[in-house]
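Structure file run.csv; described as CSV, N, CA and C atoms.
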```csv
chain,number,residue,atom,x,y,z
A,1,MET,N,7.5,-13.5,-0.6
A,1,MET,CA,7.4,-12.0,-0.4
A,1,MET,C,8.8,-11.5,-0.2
A,2,SER,N,9.0,-10.3,-0.8
A,2,SER,CA,10.3,-9.7,-0.7
A,2,SER,C,10.7,-9.4,0.8
A,3,ASP,N,12.0,-9.4,1.1
A,3,ASP,CA,12.4,-9.2,2.4
A,3,ASP,C,12.0,-7.9,3.0
A,4,ILE,N,12.0,-6.9,2.2
A,4,ILE,CA,11.6,-5.5,2.7
A,4,ILE,C,10.1,-5.5,3.0
A,5,LEU,N,9.3,-6.2,2.2
A,5,LEU,CA,7.9,-6.2,2.5
A,5,LEU,C,7.6,-7.0,3.8
A,6,THR,N,8.3,-8.0,4.0
A,6,THR,CA,8.2,-8.8,5.2
A,6,THR,C,8.6,-8.0,6.5
A,7,LYS,N,9.7,-7.3,6.4
A,7,LYS,CA,10.2,-6.5,7.5
A,7,LYS,C,9.2,-5.3,7.8
A,8,LEU,N,8.8,-4.7,6.7
A,8,LEU,CA,7.9,-3.5,6.9
A,8,LEU,C,6.5,-4.0,7.4
A,9,SER,N,6.0,-5.1,6.9
A,9,SER,CA,4.8,-5.7,7.4
A,9,SER,C,4.8,-5.9,8.9
A,10,GLU,N,5.9,-6.5,9.4
A,10,GLU,CA,6.1,-6.8,10.8
A,10,GLU,C,6.1,-5.5,11.6
A,11,VAL,N,6.8,-4.5,11.1
A,11,VAL,CA,6.9,-3.2,11.8
A,11,VAL,C,5.5,-2.5,11.9
A,12,LEU,N,4.8,-2.6,10.8
A,12,LEU,CA,3.4,-2.0,10.7
A,12,LEU,C,2.5,-2.7,11.6
A,13,GLU,N,2.6,-4.0,11.7
A,13,GLU,CA,1.8,-4.7,12.7
A,13,GLU,C,2.1,-4.3,14.1
A,14,ALA,N,3.4,-4.2,14.4
A,14,ALA,CA,3.8,-3.8,15.8
A,14,ALA,C,3.2,-2.4,16.2
A,15,ARG,N,3.2,-1.6,15.2
A,15,ARG,CA,2.7,-0.2,15.5
A,15,ARG,C,1.2,-0.1,15.8
A,16,LYS,N,0.5,-1.2,15.5
A,16,LYS,CA,-0.9,-1.2,15.9
A,16,LYS,C,-1.1,-1.1,17.4
A,17,ALA,N,-0.2,-1.7,18.1
A,17,ALA,CA,-0.3,-1.7,19.6
A,17,ALA,C,0.4,-0.5,20.2
A,18,ALA,N,1.1,0.3,19.5
A,18,ALA,CA,1.8,1.4,20.0
A,18,ALA,C,0.9,2.6,20.3
A,19,GLU,N,1.4,3.4,21.2
A,19,GLU,CA,0.7,4.7,21.6
A,19,GLU,C,0.7,5.6,20.3
A,20,ALA,N,-0.3,6.3,20.2
A,20,ALA,CA,-0.5,7.2,19.0
A,20,ALA,C,0.7,8.2,18.9
A,21,ASP,N,1.2,8.7,20.0
A,21,ASP,CA,2.2,9.7,20.0
A,21,ASP,C,3.6,9.1,19.9
A,22,SER,N,3.7,7.8,19.8
A,22,SER,CA,5.0,7.2,19.7
A,22,SER,C,5.6,7.0,18.3
A,23,SER,N,4.7,7.0,17.3
A,23,SER,CA,5.2,6.9,15.9
A,23,SER,C,4.1,7.4,14.9
A,24,TYR,N,4.6,7.8,13.8
A,24,TYR,CA,3.7,8.3,12.7
A,24,TYR,C,2.7,7.3,12.4
A,25,VAL,N,3.1,6.0,12.2
A,25,VAL,CA,2.1,5.0,11.8
A,25,VAL,C,1.1,4.7,12.9
A,26,ALA,N,1.5,4.7,14.1
A,26,ALA,CA,0.6,4.5,15.2
A,26,ALA,C,-0.4,5.7,15.3
A,27,SER,N,0.0,6.9,14.9
A,27,SER,CA,-0.9,8.0,14.9
A,27,SER,C,-1.9,7.8,13.8
A,28,LEU,N,-1.5,7.3,12.6
A,28,LEU,CA,-2.4,7.0,11.6
A,28,LEU,C,-3.5,6.0,12.0
A,29,TYR,N,-3.0,4.9,12.6
A,29,TYR,CA,-3.9,3.9,13.0
A,29,TYR,C,-4.9,4.5,14.0
A,30,ALA,N,-4.5,5.3,14.9
A,30,ALA,CA,-5.3,5.9,16.0
A,30,ALA,C,-6.4,6.8,15.3
A,31,LYS,N,-6.0,7.5,14.3
A,31,LYS,CA,-7.0,8.4,13.6
A,31,LYS,C,-8.0,7.6,12.7
A,32,GLY,N,-7.7,6.4,12.3
A,32,GLY,CA,-8.7,5.6,11.7
A,32,GLY,C,-8.5,5.6,10.2
A,33,ILE,N,-9.4,4.8,9.6
A,33,ILE,CA,-9.4,4.5,8.2
A,33,ILE,C,-9.5,5.7,7.3
A,34,ASP,N,-10.4,6.6,7.7
A,34,ASP,CA,-10.5,7.8,6.8
A,34,ASP,C,-9.3,8.6,6.6
A,35,THR,N,-8.5,8.8,7.7
A,35,THR,CA,-7.2,9.5,7.6
A,35,THR,C,-6.2,8.7,6.8
A,36,ILE,N,-6.2,7.4,7.0
A,36,ILE,CA,-5.3,6.5,6.2
A,36,ILE,C,-5.6,6.6,4.7
A,37,LEU,N,-6.9,6.5,4.4
A,37,LEU,CA,-7.3,6.6,3.0
A,37,LEU,C,-7.0,8.0,2.4
A,38,LYS,N,-7.1,9.0,3.2
A,38,LYS,CA,-6.8,10.4,2.7
A,38,LYS,C,-5.3,10.4,2.3
A,39,LYS,N,-4.5,9.8,3.2
A,39,LYS,CA,-3.0,9.8,2.9
A,39,LYS,C,-2.7,9.0,1.6
A,40,VAL,N,-3.4,7.8,1.4
A,40,VAL,CA,-3.3,7.0,0.2
A,40,VAL,C,-3.6,7.9,-1.0
A,41,GLY,N,-4.7,8.6,-0.9
A,41,GLY,CA,-5.2,9.5,-2.0
A,41,GLY,C,-4.2,10.6,-2.3
A,42,GLU,N,-3.7,11.2,-1.3
A,42,GLU,CA,-2.7,12.3,-1.4
A,42,GLU,C,-1.4,11.7,-2.1
A,43,GLU,N,-1.0,10.6,-1.6
A,43,GLU,CA,0.3,10.0,-2.2
A,43,GLU,C,0.0,9.5,-3.6
A,44,ALA,N,-1.1,9.0,-4.0
A,44,ALA,CA,-1.4,8.7,-5.3
A,44,ALA,C,-1.4,9.9,-6.3
A,45,THR,N,-2.0,11.0,-5.8
A,45,THR,CA,-1.9,12.2,-6.6
A,45,THR,C,-0.5,12.7,-6.8
A,46,GLU,N,0.3,12.7,-5.7
A,46,GLU,CA,1.7,13.1,-5.8
A,46,GLU,C,2.5,12.2,-6.7
A,47,THR,N,2.2,11.0,-6.8
A,47,THR,CA,2.8,10.0,-7.7
A,47,THR,C,2.5,10.4,-9.1
A,48,VAL,N,1.2,10.6,-9.4
A,48,VAL,CA,0.8,11.0,-10.7
A,48,VAL,C,1.5,12.3,-11.2
A,49,ILE,N,1.5,13.3,-10.3
A,49,ILE,CA,2.2,14.6,-10.6
A,49,ILE,C,3.6,14.3,-10.9
A,50,ALA,N,4.3,13.5,-10.1
A,50,ALA,CA,5.7,13.3,-10.3
A,50,ALA,C,5.9,12.6,-11.7
A,51,ALA,N,5.1,11.6,-12.0
A,51,ALA,CA,5.2,10.9,-13.3
A,51,ALA,C,5.0,11.8,-14.4
A,52,LYS,N,4.0,12.7,-14.3
A,52,LYS,CA,3.7,13.7,-15.4
A,52,LYS,C,4.9,14.6,-15.5
A,53,GLY,N,5.6,14.9,-14.5
A,53,GLY,CA,6.8,15.8,-14.5
A,53,GLY,C,8.0,15.1,-15.1
A,54,GLY,N,8.0,13.8,-15.0
A,54,GLY,CA,9.1,13.0,-15.7
A,54,GLY,C,10.4,12.9,-14.9
A,55,ASN,N,10.5,13.4,-13.7
A,55,ASN,CA,11.7,13.3,-12.9
A,55,ASN,C,11.7,11.9,-12.3
A,56,VAL,N,12.6,11.0,-12.7
A,56,VAL,CA,12.6,9.6,-12.3
A,56,VAL,C,12.8,9.5,-10.8
A,57,ASP,N,13.7,10.3,-10.2
A,57,ASP,CA,13.9,10.3,-8.7
A,57,ASP,C,12.6,10.6,-8.0
A,58,GLU,N,11.9,11.6,-8.4
A,58,GLU,CA,10.7,12.0,-7.8
A,58,GLU,C,9.6,10.9,-7.9
A,59,VAL,N,9.6,10.3,-9.1
A,59,VAL,CA,8.6,9.2,-9.3
A,59,VAL,C,8.9,8.1,-8.3
A,60,ILE,N,10.2,7.7,-8.2
A,60,ILE,CA,10.5,6.6,-7.2
A,60,ILE,C,10.2,7.0,-5.8
A,61,TYR,N,10.5,8.2,-5.4
A,61,TYR,CA,10.2,8.7,-4.0
A,61,TYR,C,8.7,8.7,-3.7
A,62,GLU,N,8.0,9.2,-4.7
A,62,GLU,CA,6.5,9.3,-4.4
A,62,GLU,C,5.9,7.9,-4.5
A,63,THR,N,6.4,7.1,-5.4
A,63,THR,CA,5.8,5.7,-5.4
A,63,THR,C,6.1,5.0,-4.1
A,64,ALA,N,7.3,5.2,-3.6
A,64,ALA,CA,7.6,4.6,-2.3
A,64,ALA,C,6.6,5.1,-1.2
A,65,ASP,N,6.3,6.4,-1.2
A,65,ASP,CA,5.3,6.9,-0.3
A,65,ASP,C,4.0,6.3,-0.5
A,66,LEU,N,3.6,6.1,-1.7
A,66,LEU,CA,2.3,5.5,-2.1
A,66,LEU,C,2.2,4.1,-1.6
A,67,TRP,N,3.2,3.3,-1.9
A,67,TRP,CA,3.3,1.9,-1.5
A,67,TRP,C,3.2,1.8,0.0
A,68,PHE,N,4.0,2.7,0.7
A,68,PHE,CA,4.1,2.6,2.2
A,68,PHE,C,2.7,2.9,2.8
A,69,HIS,N,2.0,3.9,2.3
A,69,HIS,CA,0.7,4.2,2.9
A,69,HIS,C,-0.4,3.2,2.5
A,70,THR,N,-0.2,2.6,1.3
A,70,THR,CA,-1.1,1.5,0.9
A,70,THR,C,-0.9,0.3,1.9
A,71,LEU,N,0.4,0.0,2.2
A,71,LEU,CA,0.6,-1.0,3.2
A,71,LEU,C,0.0,-0.7,4.5
A,72,VAL,N,0.1,0.5,5.0
A,72,VAL,CA,-0.5,0.9,6.2
A,72,VAL,C,-2.0,0.6,6.2
A,73,MET,N,-2.7,1.0,5.0
A,73,MET,CA,-4.1,0.7,4.8
A,73,MET,C,-4.4,-0.8,4.9
A,74,LEU,N,-3.6,-1.6,4.2
A,74,LEU,CA,-3.8,-3.0,4.2
A,74,LEU,C,-3.7,-3.6,5.6
A,75,LYS,N,-2.7,-3.2,6.3
A,75,LYS,CA,-2.5,-3.7,7.7
A,75,LYS,C,-3.6,-3.3,8.6
A,76,HIS,N,-4.1,-2.0,8.4
A,76,HIS,CA,-5.2,-1.5,9.2
A,76,HIS,C,-6.5,-2.4,9.0
A,77,LEU,N,-6.6,-2.9,7.8
A,77,LEU,CA,-7.7,-3.7,7.4
A,77,LEU,C,-7.5,-5.2,7.6
A,78,ASN,N,-6.3,-5.5,8.3
A,78,ASN,CA,-5.9,-6.9,8.6
A,78,ASN,C,-5.7,-7.7,7.3
A,79,ILE,N,-5.2,-7.1,6.3
A,79,ILE,CA,-4.9,-7.7,5.0
A,79,ILE,C,-3.4,-7.8,4.9
A,80,GLU,N,-2.9,-9.0,4.7
A,80,GLU,CA,-1.4,-9.1,4.5
A,80,GLU,C,-1.0,-8.8,3.1
A,81,PRO,N,0.2,-8.2,3.0
A,81,PRO,CA,0.7,-7.9,1.7
A,81,PRO,C,0.8,-9.1,0.8
A,82,GLU,N,1.1,-10.3,1.4
A,82,GLU,CA,1.2,-11.5,0.7
A,82,GLU,C,-0.1,-11.9,0.0
A,83,GLN,N,-1.3,-11.5,0.5
A,83,GLN,CA,-2.6,-11.7,-0.1
A,83,GLN,C,-2.7,-10.9,-1.4
A,84,VAL,N,-2.1,-9.7,-1.5
A,84,VAL,CA,-2.1,-8.9,-2.7
A,84,VAL,C,-1.2,-9.6,-3.7
A,85,LEU,N,0.0,-10.0,-3.2
A,85,LEU,CA,1.0,-10.6,-4.1
A,85,LEU,C,0.4,-11.9,-4.7
A,86,ASN,N,-0.4,-12.7,-3.9
A,86,ASN,CA,-1.0,-13.9,-4.4
A,86,ASN,C,-2.0,-13.6,-5.5
A,87,GLU,N,-2.7,-12.5,-5.3
A,87,GLU,CA,-3.7,-12.1,-6.3
A,87,GLU,C,-3.0,-11.7,-7.6
A,88,LEU,N,-1.9,-11.0,-7.5
A,88,LEU,CA,-1.1,-10.6,-8.7
A,88,LEU,C,-0.5,-11.9,-9.4
A,89,ASP,N,-0.1,-12.8,-8.6
A,89,ASP,CA,0.4,-14.1,-9.1
A,89,ASP,C,-0.7,-14.8,-9.8
A,90,ARG,N,-1.9,-14.8,-9.3
A,90,ARG,CA,-3.1,-15.5,-9.9
A,90,ARG,C,-3.4,-14.9,-11.3
A,91,ARG,N,-3.2,-13.6,-11.4
A,91,ARG,CA,-3.5,-12.9,-12.6
A,91,ARG,C,-2.4,-13.0,-13.7
A,92,PHE,N,-1.2,-13.4,-13.2
A,92,PHE,CA,0.0,-13.4,-14.1
A,92,PHE,C,-0.3,-14.4,-15.3
A,93,GLY,N,-0.1,-13.9,-16.4
A,93,GLY,CA,-0.3,-14.7,-17.6
A,93,GLY,C,-1.7,-14.6,-18.2
A,94,LEU,N,-2.6,-14.0,-17.5
A,94,LEU,CA,-3.9,-13.7,-18.0
A,94,LEU,C,-3.9,-12.3,-18.8
A,95,SER,N,-4.6,-12.2,-19.8
A,95,SER,CA,-4.7,-10.9,-20.4
A,95,SER,C,-5.6,-10.0,-19.6
A,96,GLY,N,-5.4,-8.8,-19.6
A,96,GLY,CA,-6.3,-7.8,-18.9
A,96,GLY,C,-7.7,-8.0,-19.3
A,97,ILE,N,-8.0,-8.3,-20.5
A,97,ILE,CA,-9.4,-8.5,-21.0
A,97,ILE,C,-10.0,-9.8,-20.3
A,98,GLU,N,-9.2,-10.8,-20.3
A,98,GLU,CA,-9.7,-12.1,-19.6
A,98,GLU,C,-9.9,-11.9,-18.2
A,99,GLU,N,-9.0,-11.2,-17.5
A,99,GLU,CA,-9.1,-11.0,-16.1
A,99,GLU,C,-10.3,-10.2,-15.7
A,100,LYS,N,-10.6,-9.1,-16.5
A,100,LYS,CA,-11.8,-8.3,-16.2
A,100,LYS,C,-13.0,-9.1,-16.5
A,101,ALA,N,-13.0,-9.8,-17.6
A,101,ALA,CA,-14.2,-10.6,-17.9
A,101,ALA,C,-14.5,-11.6,-16.8
A,102,SER,N,-13.5,-12.2,-16.1
A,102,SER,CA,-13.7,-13.2,-15.1
A,102,SER,C,-14.3,-12.5,-13.8
A,103,ARG,N,-14.1,-11.3,-13.6
A,103,ARG,CA,-14.7,-10.6,-12.5
A,103,ARG,C,-16.2,-10.3,-12.6
A,104,SER,N,-16.7,-10.2,-13.8
A,104,SER,CA,-18.1,-9.9,-14.1
A,104,SER,C,-19.0,-11.1,-14.0
A,105,ARG,N,-18.4,-12.3,-13.8
A,105,ARG,CA,-19.3,-13.5,-13.8
A,105,ARG,C,-19.9,-13.7,-12.5
```
Would you mind giving the structure from this file in structure tokens?
Amino acid sequence: MSDILTKLSEVLEARKAAEADSSYVASLYAKGIDTILKKVGEEATETVIAAKGGNVDEVIYETADLWFHTLVMLKHLNIEPEQVLNELDRRFGLSGIEEKASRSR
């Protein structure tokens, strides 16, 4: 796993035990999964809008926000980023058609 993902994952885990008013992430955890999912949805929409606009800096910024909030969601659900990376690794080299077909079995 990349160094930044490892560091971020550790910080996000630590925020689970923090008081809600001590950090943005702790406040998201305190508000629960619906609030976290709303943020993921908002960031996904902002990423799509940025990509449609074609400004590379905005796309990078919004994608970082999307990835960050997705990591918050994963940690809230006790899913490690490495589990997602392992799934991507499993799919590597498979065509999208093969991968989709394997899910329907």
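With atom N of Ala50 (chain A) on one side and atom C of Leu37 (chain A) on the other, the separation reads 17.7 Å.
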Legend entry - One-decimal distance in Å that lies between CA of Leu28 (chain A) and atom C of Leu8 (chain A): 14.8 Å
Inset, instruction - Could you pull out every residue with an atom within 12 Å of (-5.8, 6.4, 6.4), file coordinates, counting only C-alpha atoms, and send them as a PyMOL selection string? - result: chain A and resi 24-43+66+68-77
Written selection (N, CA and C atoms) as a PDB file, in the coordinates of the input:
```pdb
ATOM      1  N   TYR A  24       4.600   7.800  13.800  1.00  0.00           N
ATOM      2  CA  TYR A  24       3.700   8.300  12.700  1.00  0.00           C
ATOM      3  C   TYR A  24       2.700   7.300  12.400  1.00  0.00           C
ATOM      4  N   VAL A  25       3.100   6.000  12.200  1.00  0.00           N
ATOM      5  CA  VAL A  25       2.100   5.000  11.800  1.00  0.00           C
ATOM      6  C   VAL A  25       1.100   4.700  12.900  1.00  0.00           C
ATOM      7  N   ALA A  26       1.500   4.700  14.100  1.00  0.00           N
ATOM      8  CA  ALA A  26       0.600   4.500  15.200  1.00  0.00           C
ATOM      9  C   ALA A  26      -0.400   5.700  15.300  1.00  0.00           C
ATOM     10  N   SER A  27       0.000   6.900  14.900  1.00  0.00           N
ATOM     11  CA  SER A  27      -0.900   8.000  14.900  1.00  0.00           C
ATOM     12  C   SER A  27      -1.900   7.800  13.800  1.00  0.00           C
ATOM     13  N   LEU A  28      -1.500   7.300  12.600  1.00  0.00           N
ATOM     14  CA  LEU A  28      -2.400   7.000  11.600  1.00  0.00           C
ATOM     15  C   LEU A  28      -3.500   6.000  12.000  1.00  0.00           C
ATOM     16  N   TYR A  29      -3.000   4.900  12.600  1.00  0.00           N
ATOM     17  CA  TYR A  29      -3.900   3.900  13.000  1.00  0.00           C
ATOM     18  C   TYR A  29      -4.900   4.500  14.000  1.00  0.00           C
ATOM     19  N   ALA A  30      -4.500   5.300  14.900  1.00  0.00           N
ATOM     20  CA  ALA A  30      -5.300   5.900  16.000  1.00  0.00           C
ATOM     21  C   ALA A  30      -6.400   6.800  15.300  1.00  0.00           C
ATOM     22  N   LYS A  31      -6.000   7.500  14.300  1.00  0.00           N
ATOM     23  CA  LYS A  31      -7.000   8.400  13.600  1.00  0.00           C
ATOM     24  C   LYS A  31      -8.000   7.600  12.700  1.00  0.00           C
ATOM     25  N   GLY A  32      -7.700   6.400  12.300  1.00  0.00           N
ATOM     26  CA  GLY A  32      -8.700   5.600  11.700  1.00  0.00           C
ATOM     27  C   GLY A  32      -8.500   5.600  10.200  1.00  0.00           C
ATOM     28  N   ILE A  33      -9.400   4.800   9.600  1.00  0.00           N
ATOM     29  CA  ILE A  33      -9.400   4.500   8.200  1.00  0.00           C
ATOM     30  C   ILE A  33      -9.500   5.700   7.300  1.00  0.00           C
ATOM     31  N   ASP A  34     -10.400   6.600   7.700  1.00  0.00           N
ATOM     32  CA  ASP A  34     -10.500   7.800   6.800  1.00  0.00           C
ATOM     33  C   ASP A  34      -9.300   8.600   6.600  1.00  0.00           C
ATOM     34  N   THR A  35      -8.500   8.800   7.700  1.00  0.00           N
ATOM     35  CA  THR A  35      -7.200   9.500   7.600  1.00  0.00           C
ATOM     36  C   THR A  35      -6.200   8.700   6.800  1.00  0.00           C
ATOM     37  N   ILE A  36      -6.200   7.400   7.000  1.00  0.00           N
ATOM     38  CA  ILE A  36      -5.300   6.500   6.200  1.00  0.00           C
ATOM     39  C   ILE A  36      -5.600   6.600   4.700  1.00  0.00           C
ATOM     40  N   LEU A  37      -6.900   6.500   4.400  1.00  0.00           N
ATOM     41  CA  LEU A  37      -7.300   6.600   3.000  1.00  0.00           C
ATOM     42  C   LEU A  37      -7.000   8.000   2.400  1.00  0.00           C
ATOM     43  N   LYS A  38      -7.100   9.000   3.200  1.00  0.00           N
ATOM     44  CA  LYS A  38      -6.800  10.400   2.700  1.00  0.00           C
ATOM     45  C   LYS A  38      -5.300  10.400   2.300  1.00  0.00           C
ATOM     46  N   LYS A  39      -4.500   9.800   3.200  1.00  0.00           N
ATOM     47  CA  LYS A  39      -3.000   9.800   2.900  1.00  0.00           C
ATOM     48  C   LYS A  39      -2.700   9.000   1.600  1.00  0.00           C
ATOM     49  N   VAL A  40      -3.400   7.800   1.400  1.00  0.00           N
ATOM     50  CA  VAL A  40      -3.300   7.000   0.200  1.00  0.00           C
ATOM     51  C   VAL A  40      -3.600   7.900  -1.000  1.00  0.00           C
ATOM     52  N   GLY A  41      -4.700   8.600  -0.900  1.00  0.00           N
ATOM     53  CA  GLY A  41      -5.200   9.500  -2.000  1.00  0.00           C
ATOM     54  C   GLY A  41      -4.200  10.600  -2.300  1.00  0.00           C
ATOM     55  N   GLU A  42      -3.700  11.200  -1.300  1.00  0.00           N
ATOM     56  CA  GLU A  42      -2.700  12.300  -1.400  1.00  0.00           C
ATOM     57  C   GLU A  42      -1.400  11.700  -2.100  1.00  0.00           C
ATOM     58  N   GLU A  43      -1.000  10.600  -1.600  1.00  0.00           N
ATOM     59  CA  GLU A  43       0.300  10.000  -2.200  1.00  0.00           C
ATOM     60  C   GLU A  43       0.000   9.500  -3.600  1.00  0.00           C
ATOM     61  N   LEU A  66       3.600   6.100  -1.700  1.00  0.00           N
ATOM     62  CA  LEU A  66       2.300   5.500  -2.100  1.00  0.00           C
ATOM     63  C   LEU A  66       2.200   4.100  -1.600  1.00  0.00           C
ATOM     64  N   PHE A  68       4.000   2.700   0.700  1.00  0.00           N
ATOM     65  CA  PHE A  68       4.100   2.600   2.200  1.00  0.00           C
ATOM     66  C   PHE A  68       2.700   2.900   2.800  1.00  0.00           C
ATOM     67  N   HIS A  69       2.000   3.900   2.300  1.00  0.00           N
ATOM     68  CA  HIS A  69       0.700   4.200   2.900  1.00  0.00           C
ATOM     69  C   HIS A  69      -0.400   3.200   2.500  1.00  0.00           C
ATOM     70  N   THR A  70      -0.200   2.600   1.300  1.00  0.00           N
ATOM     71  CA  THR A  70      -1.100   1.500   0.900  1.00  0.00           C
ATOM     72  C   THR A  70      -0.900   0.300   1.900  1.00  0.00           C
ATOM     73  N   LEU A  71       0.400   0.000   2.200  1.00  0.00           N
ATOM     74  CA  LEU A  71       0.600  -1.000   3.200  1.00  0.00           C
ATOM     75  C   LEU A  71       0.000  -0.700   4.500  1.00  0.00           C
ATOM     76  N   VAL A  72       0.100   0.500   5.000  1.00  0.00           N
ATOM     77  CA  VAL A  72      -0.500   0.900   6.200  1.00  0.00           C
ATOM     78  C   VAL A  72      -2.000   0.600   6.200  1.00  0.00           C
ATOM     79  N   MET A  73      -2.700   1.000   5.000  1.00  0.00           N
ATOM     80  CA  MET A  73      -4.100   0.700   4.800  1.00  0.00           C
ATOM     81  C   MET A  73      -4.400  -0.800   4.900  1.00  0.00           C
ATOM     82  N   LEU A  74      -3.600  -1.600   4.200  1.00  0.00           N
ATOM     83  CA  LEU A  74      -3.800  -3.000   4.200  1.00  0.00           C
ATOM     84  C   LEU A  74      -3.700  -3.600   5.600  1.00  0.00           C
ATOM     85  N   LYS A  75      -2.700  -3.200   6.300  1.00  0.00           N
ATOM     86  CA  LYS A  75      -2.500  -3.700   7.700  1.00  0.00           C
ATOM     87  C   LYS A  75      -3.600  -3.300   8.600  1.00  0.00           C
ATOM     88  N   HIS A  76      -4.100  -2.000   8.400  1.00  0.00           N
ATOM     89  CA  HIS A  76      -5.200  -1.500   9.200  1.00  0.00           C
ATOM     90  C   HIS A  76      -6.500  -2.400   9.000  1.00  0.00           C
ATOM     91  N   LEU A  77      -6.600  -2.900   7.800  1.00  0.00           N
ATOM     92  CA  LEU A  77      -7.700  -3.700   7.400  1.00  0.00           C
ATOM     93  C   LEU A  77      -7.500  -5.200   7.600  1.00  0.00           C
TER      94      LEU A  77
END
```
Near-Val48 (chain A) list (8 Å; only N, CA and C atoms; drop same-chain fewer than 5 positions) as a PDB file with N, CA and C atoms, keeping the file's coordinate frame:
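Generated file (selection.pdb):
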```
ATOM      1  N   GLU A  42      -3.700  11.200  -1.300  1.00  0.00           N
ATOM      2  CA  GLU A  42      -2.700  12.300  -1.400  1.00  0.00           C
ATOM      3  C   GLU A  42      -1.400  11.700  -2.100  1.00  0.00           C
ATOM      4  N   GLU A  43      -1.000  10.600  -1.600  1.00  0.00           N
ATOM      5  CA  GLU A  43       0.300  10.000  -2.200  1.00  0.00           C
ATOM      6  C   GLU A  43       0.000   9.500  -3.600  1.00  0.00           C
ATOM      7  N   GLY A  53       5.600  14.900 -14.500  1.00  0.00           N
ATOM      8  CA  GLY A  53       6.800  15.800 -14.500  1.00  0.00           C
ATOM      9  C   GLY A  53       8.000  15.100 -15.100  1.00  0.00           C
ATOM     10  N   GLY A  54       8.000  13.800 -15.000  1.00  0.00           N
ATOM     11  CA  GLY A  54       9.100  13.000 -15.700  1.00  0.00           C
ATOM     12  C   GLY A  54      10.400  12.900 -14.900  1.00  0.00           C
ATOM     13  N   VAL A  59       9.600  10.300  -9.100  1.00  0.00           N
ATOM     14  CA  VAL A  59       8.600   9.200  -9.300  1.00  0.00           C
ATOM     15  C   VAL A  59       8.900   8.100  -8.300  1.00  0.00           C
ATOM     16  N   GLU A  62       8.000   9.200  -4.700  1.00  0.00           N
ATOM     17  CA  GLU A  62       6.500   9.300  -4.400  1.00  0.00           C
ATOM     18  C   GLU A  62       5.900   7.900  -4.500  1.00  0.00           C
ATOM     19  N   THR A  63       6.400   7.100  -5.400  1.00  0.00           N
ATOM     20  CA  THR A  63       5.800   5.700  -5.400  1.00  0.00           C
ATOM     21  C   THR A  63       6.100   5.000  -4.100  1.00  0.00           C
TER      22      THR A  63
END
```
Legend entry - Nearest candidate to Glu13 (chain A) (options A:Arg91, A:Asn78, A:Val84, A:Ile97; using only C-alpha atoms): A:Asn78
Legend entry - Residue with smallest distance to Asp65 (chain A) - pool A:Leu85, A:Ile79, A:Val11, A:Ala44, counting only C-alpha atoms: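 Smallest separation from Asp65 (chain A) among the options: A:Ala44.
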Inset, instruction - Figure out the distance between CA of Asp3 (chain A) and CA of Ser22 (chain A), please, to one decimal in Å. - result: 25.0 Å
Inset, instruction - Please report, as a count of residues only, each residue of chain A to which DSSP assigns alpha helix (DSSP H) when run on this structure's backbone. - result: 82
